[in-house]
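Participant: One structure follows; several queries about it will come next.
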Amino acid sequence: MNDLLEYTLRLGDDALIAAQRTGEWIAAAPQLEEDVALGNIGLDQLGQARSLLQYAGSLDGRTEDELAYFRDEREFRNLQLCELPNGDFAFAMARLLYFATYQHLLYDELRSCADETLAGVAGKAVKEVAYHVDHATQWVLRLGDGTEESHRRMQAALDALWPYTAEMFASDDVVRQLSVAVDPSTLEEEWTRRVTAVIDESTCERPTSSYQHSGGRSGRHTEHMGYLLAELQHVARSHPGATW
Amino acid sequence: MVTDAAILEAVGEVVDPEVPVLTIADLGVLRGVRHEGDEVVVTITPTYSGCPAMDLIRHEVELTLQALHVHGRVETVLSPPWTTDWMTEAGKAKLTDYGIAPPPGTSAPAPFPPSQSRANAPVLLQLSIRCPLCGSPNTSELSRFGSTSCKSLWRCNSCREPFDHFKAI
């Protein structure tokens, strides 16, 4: 697989799997406005995923639907952070804070890369993701600095997801050799600064876990990924070639 | 032979299915027309990456080309990214009449500084959004996300009516 295809799949799969989890909140969020907000955020992520998977598909002769619906678990390149089950609302907001802050920094760099399509997608997405970061930030502050119970849950969520954050910044031959790619290790310092500023202000403690999971970029996923894909893919696989 | 100006004028009349008072020309979604061999290519750009109206808009533009007997296709471009600055003044006036507060004059480069902690951040002042129903500037934001990607949800503190605002991006 060539590096550009591999890199584009990473970006696209992150967005696709994040969109699937975000979408699960629709009609299940704690208030009506939040249903609407998460619906919109999921739609932004899905839009980014479609643009990226269309581009990936154009590189090896597949359609976005073939990539989304007819690849198996080991062929997906997304971060494990994106695929973890939703948990409670604090968990969703902690994940959105970690992930959207990462996406914001990444897209901000990528929009000036030499690949016109990737730069175009990133230039579009960076403005959308700024709204996602803001939304997550507001909730982390409100829950962390809220009641005893909301603080406890916010802290638990920040801690539980922390071991899945290092994978975002892992560097490898693909990002080092591909000139248009952003080496994510260059984003870690600024990401940490932004995220810990929010955590500090929320009155939560900075997570301290040193153990870090890895494997998503090479297709090794958590036990939750298969169930997610079953839901995402079963209609397309039950009725291959169907259109509506 | 149909001129480019005539093609632009005709496809520019296609309306946004979510906000049917606005045409794609008003919105700035229609980017242009060019020729590739004997084919006419109309370019459009989405307001947001995931805008679900794009498929219908593309289809309507194709139907308009067919009605003009023009051999052509529609191409979606992402760059330069759409901004509310591209909305025409006529479009903004139509939005207000329809009950949606139009975007402010210029789009902010970023609506908030995500890099800074709230405590030390400069306070961003935004001109108040006027209620499209009674005109009062005394309004408050209920949610940054509204009925579609491009809108946020507001309430007028004077007439108490909720309304949509086409948010700056």
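Starting from 1 in every chain, residues are counted up; chains themselves are A, B, ... following the order of the structure tokens, and ligands are numbered from 1 as listed.
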Counting only C-alpha atoms, what are the residues of chain A within 9 Å of chain B, and for each of them which pair of atoms is the nearest and at what distance in Å, to one decimal? Sort the table by chain and rising number, as a tab-separated table.

Facilitator:
```
residue	atom	partner	partner_atom	distance
A:Glu33	CA	B:Ser143	CA	6.5
A:Glu34	CA	B:Ser143	CA	8.3
A:Val36	CA	B:Gly146	CA	6.4
A:Ala37	CA	B:Phe145	CA	4.8
A:Leu38	CA	B:Phe145	CA	8.4
A:Gly39	CA	B:Phe145	CA	8.9
A:Asn40	CA	B:Ser149	CA	5.5
A:Ile41	CA	B:Ser149	CA	8.2
A:Gly42	CA	B:Gly50	CA	8.8
A:Leu43	CA	B:Gly50	CA	5.3
A:Asp44	CA	B:Gly50	CA	5.0
A:Gln45	CA	B:Gly50	CA	7.3
A:Leu46	CA	B:Gly50	CA	6.1
A:Gly47	CA	B:Gly50	CA	3.5
A:Gln48	CA	B:Ser49	CA	5.7
A:Ala49	CA	B:Gly50	CA	8.9
A:Arg50	CA	B:Gly50	CA	8.1
A:Ser51	CA	B:Ser49	CA	7.7
A:Thr101	CA	B:Pro114	CA	8.2
A:Glu116	CA	B:Ser79	CA	8.4
A:Thr117	CA	B:Leu78	CA	8.1
A:Ala119	CA	B:Ser79	CA	8.1
A:Gly120	CA	B:Ser79	CA	4.8
A:Val121	CA	B:Leu78	CA	6.4
A:Gly123	CA	B:Pro81	CA	6.2
A:Lys124	CA	B:Pro81	CA	5.1
A:Ala125	CA	B:Ser49	CA	6.8
A:Lys127	CA	B:Ile169	CA	6.6
A:Glu128	CA	B:Tyr48	CA	7.5
A:Ala130	CA	B:Pro114	CA	7.1
A:Tyr131	CA	B:Pro111	CA	7.7
A:Val133	CA	B:Pro114	CA	6.7
A:Asp134	CA	B:Pro114	CA	6.5
A:His135	CA	B:Arg144	CA	8.0
A:Thr137	CA	B:Pro114	CA	8.4
A:Glu190	CA	B:Ser115	CA	8.5
A:Trp191	CA	B:Ser115	CA	8.8
A:Arg193	CA	B:Ser115	CA	8.1
A:Arg194	CA	B:Ser115	CA	5.3
A:Val195	CA	B:Ser115	CA	8.5
A:Ala197	CA	B:Ser117	CA	5.7
A:Val198	CA	B:Ser117	CA	6.3
A:Asp200	CA	B:Ser117	CA	9.0
A:Glu201	CA	B:Ser117	CA	7.2
```

Participant: With N, CA and C atoms retained, write the just-selected residues as a compact mmCIF listing (two decimals), in the first residue's frame.

Facilitator:
```
# COMPACT_ATOMS: atom_id res chain seq x y z
N GLU A 33 -30.95 20.12 23.21
CA GLU A 33 -29.92 20.90 22.51
C GLU A 33 -28.67 20.06 22.28
N GLU A 34 -28.41 19.14 23.20
CA GLU A 34 -27.22 18.31 23.08
C GLU A 34 -27.40 17.25 21.98
N VAL A 36 -29.00 17.80 19.30
CA VAL A 36 -28.79 18.58 18.08
C VAL A 36 -27.30 18.86 17.89
N ALA A 37 -26.63 19.25 18.99
CA ALA A 37 -25.21 19.57 18.90
C ALA A 37 -24.40 18.35 18.46
N LEU A 38 -24.65 17.20 19.10
CA LEU A 38 -23.87 16.01 18.77
C LEU A 38 -24.24 15.49 17.38
N GLY A 39 -25.50 15.68 16.98
CA GLY A 39 -25.89 15.32 15.62
C GLY A 39 -25.08 16.12 14.61
N ASN A 40 -24.94 17.42 14.88
CA ASN A 40 -24.18 18.29 13.98
C ASN A 40 -22.69 17.96 13.98
N ILE A 41 -22.16 17.69 15.16
CA ILE A 41 -20.73 17.36 15.25
C ILE A 41 -20.46 16.05 14.51
N GLY A 42 -21.32 15.07 14.71
CA GLY A 42 -21.17 13.80 14.01
C GLY A 42 -21.25 13.98 12.50
N LEU A 43 -22.13 14.87 12.07
CA LEU A 43 -22.29 15.13 10.63
C LEU A 43 -21.03 15.78 10.06
N ASP A 44 -20.43 16.71 10.81
CA ASP A 44 -19.16 17.29 10.37
C ASP A 44 -18.11 16.20 10.20
N GLN A 45 -18.03 15.32 11.20
CA GLN A 45 -17.02 14.25 11.16
C GLN A 45 -17.29 13.33 9.97
N LEU A 46 -18.56 13.02 9.74
CA LEU A 46 -18.90 12.14 8.62
C LEU A 46 -18.58 12.80 7.28
N GLY A 47 -18.82 14.11 7.20
CA GLY A 47 -18.48 14.83 5.98
C GLY A 47 -16.99 14.79 5.70
N GLN A 48 -16.21 14.97 6.76
CA GLN A 48 -14.74 14.89 6.60
C GLN A 48 -14.36 13.48 6.16
N ALA A 49 -14.98 12.48 6.79
CA ALA A 49 -14.67 11.09 6.45
C ALA A 49 -14.98 10.81 4.98
N ARG A 50 -16.11 11.31 4.50
CA ARG A 50 -16.49 11.05 3.10
C ARG A 50 -15.48 11.66 2.13
N SER A 51 -15.09 12.92 2.39
CA SER A 51 -14.11 13.56 1.50
C SER A 51 -12.81 12.77 1.50
N THR A 101 -9.22 18.45 19.78
CA THR A 101 -8.03 19.29 19.93
C THR A 101 -6.91 18.77 19.03
N GLU A 116 -3.17 19.08 -2.85
CA GLU A 116 -4.31 19.99 -2.94
C GLU A 116 -5.56 19.45 -2.28
N THR A 117 -5.81 18.15 -2.44
CA THR A 117 -7.04 17.59 -1.90
C THR A 117 -7.00 17.55 -0.38
N ALA A 119 -5.18 19.34 1.56
CA ALA A 119 -5.18 20.72 2.05
C ALA A 119 -6.60 21.30 2.00
N GLY A 120 -7.32 20.97 0.95
CA GLY A 120 -8.69 21.46 0.81
C GLY A 120 -9.60 20.92 1.90
N VAL A 121 -9.52 19.61 2.15
CA VAL A 121 -10.33 18.98 3.20
C VAL A 121 -9.98 19.60 4.56
N GLY A 123 -8.57 22.52 5.22
CA GLY A 123 -8.95 23.93 5.31
C GLY A 123 -10.42 24.10 5.63
N LYS A 124 -11.21 23.18 5.11
CA LYS A 124 -12.65 23.18 5.38
C LYS A 124 -12.92 22.72 6.82
N ALA A 125 -12.26 21.62 7.18
CA ALA A 125 -12.57 20.96 8.45
C ALA A 125 -12.08 21.74 9.66
N LYS A 127 -12.20 24.74 10.51
CA LYS A 127 -13.16 25.70 11.06
C LYS A 127 -14.30 24.99 11.79
N GLU A 128 -14.66 23.81 11.27
CA GLU A 128 -15.72 23.03 11.93
C GLU A 128 -15.23 22.48 13.26
N ALA A 130 -13.01 23.64 15.20
CA ALA A 130 -12.88 24.67 16.24
C ALA A 130 -14.15 24.73 17.08
N TYR A 131 -15.30 24.54 16.44
CA TYR A 131 -16.56 24.51 17.19
C TYR A 131 -16.64 23.26 18.08
N VAL A 133 -14.09 21.68 19.50
CA VAL A 133 -13.20 21.90 20.65
C VAL A 133 -13.90 22.79 21.68
N ASP A 134 -14.53 23.82 21.19
CA ASP A 134 -15.20 24.75 22.09
C ASP A 134 -16.33 24.06 22.85
N HIS A 135 -17.09 23.22 22.13
CA HIS A 135 -18.21 22.53 22.76
C HIS A 135 -17.72 21.60 23.87
N THR A 137 -14.88 21.76 25.45
CA THR A 137 -14.27 22.55 26.52
C THR A 137 -15.34 23.06 27.49
N GLU A 190 1.92 21.02 21.98
CA GLU A 190 0.85 22.02 21.98
C GLU A 190 -0.48 21.40 22.41
N TRP A 191 -0.70 20.14 22.00
CA TRP A 191 -1.93 19.44 22.42
C TRP A 191 -1.97 19.33 23.94
N ARG A 193 -0.46 21.15 26.11
CA ARG A 193 -0.65 22.46 26.71
C ARG A 193 -2.14 22.87 26.70
N ARG A 194 -2.77 22.68 25.55
CA ARG A 194 -4.18 23.10 25.44
C ARG A 194 -5.09 22.25 26.33
N VAL A 195 -4.88 20.94 26.29
CA VAL A 195 -5.78 20.05 27.02
C VAL A 195 -5.59 20.21 28.53
N ALA A 197 -4.63 22.82 30.07
CA ALA A 197 -5.19 24.11 30.50
C ALA A 197 -6.68 23.96 30.82
N VAL A 198 -7.37 23.19 29.99
CA VAL A 198 -8.80 22.98 30.23
C VAL A 198 -9.00 22.11 31.48
N ASP A 200 -7.01 21.75 34.05
CA ASP A 200 -6.70 22.54 35.25
C ASP A 200 -7.87 23.45 35.61
N GLU A 201 -8.40 24.12 34.60
CA GLU A 201 -9.47 25.07 34.89
C GLU A 201 -10.75 24.37 35.34
```

Participant: Can you tell me which residues surround Pro102 in chain B at a distance of at most 9 Å, considering only C-alpha atoms, apart from same-chain residues fewer than 4 positions away, and format the answer as an NGL selection string?

Facilitator: :B and (91-96 or 129-130 or 132 or 164-168)

Participant: Print the selection's residues with C-alpha atoms to a file, as an mmCIF file, in the first residue's frame.

Facilitator:
```cif
data_model
loop_
_atom_site.group_PDB
_atom_site.id
_atom_site.type_symbol
_atom_site.label_atom_id
_atom_site.label_comp_id
_atom_site.auth_asym_id
_atom_site.auth_seq_id
_atom_site.Cartn_x
_atom_site.Cartn_y
_atom_site.Cartn_z
ATOM 1 C CA GLY B 91 -29.274 36.850 0.542
ATOM 2 C CA LYS B 92 -28.852 38.267 4.041
ATOM 3 C CA ALA B 93 -31.949 40.423 3.632
ATOM 4 C CA LYS B 94 -33.959 37.402 2.440
ATOM 5 C CA LEU B 95 -32.765 35.398 5.442
ATOM 6 C CA THR B 96 -33.970 38.065 7.867
ATOM 7 C CA ILE B 129 -27.352 39.261 16.905
ATOM 8 C CA ARG B 130 -30.618 41.051 16.226
ATOM 9 C CA PRO B 132 -35.181 38.698 12.991
ATOM 10 C CA ASP B 164 -32.103 30.400 14.136
ATOM 11 C CA HIS B 165 -28.925 32.311 13.368
ATOM 12 C CA PHE B 166 -26.756 31.562 10.345
ATOM 13 C CA LYS B 167 -23.453 31.347 12.185
ATOM 14 C CA ALA B 168 -20.191 32.845 11.026
#
```

Participant: Considering only C-alpha atoms, state which residue in the set A:Ala157, A:Asp65, A:Arg74, A:Leu52 is at the smallest distance from Met93 in chain A.

Facilitator: A:Ala157

Participant: List every residue of range 1-53 of chain A that DSSP, applied to the backbone of this structure, places in helix (DSSP H, G or I), and write the result as a VMD selection string.

Facilitator: chain A and resid 3 to 23 32 to 53

Participant: What's the separation between CA of Leu11 in chain A and CA of Ser171 in chain A, in Å to one decimal place?

Facilitator: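 Separation of CA of Leu11 in chain A and CA of Ser171 in chain A: 14.1 Å.
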
Participant: Determine, counting only C-alpha atoms, which protein, DNA and RNA residues have an atom within 10 Å of an atom of Leu9 in chain A; residues of the same chain fewer than 6 positions away are not included. Present the result as a list in words.

Facilitator: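 What passes the distance filter is Asp3, Ala15, Leu16, Ala49, Leu52, Leu53, Gln54, Tyr55, Ala56, Gly57, Leu67, Glu75, Phe76, Arg77, Asn78 and Arg217 of chain A.
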
Participant: Which of range 5-42 of chain B end up as strand (DSSP E or B) when DSSP is run on this backbone - answer as JSON, numbers by chain?

Facilitator: {"B": [15, 23, 30, 31, 32, 33, 34, 35, 36, 39, 40, 41, 42]}
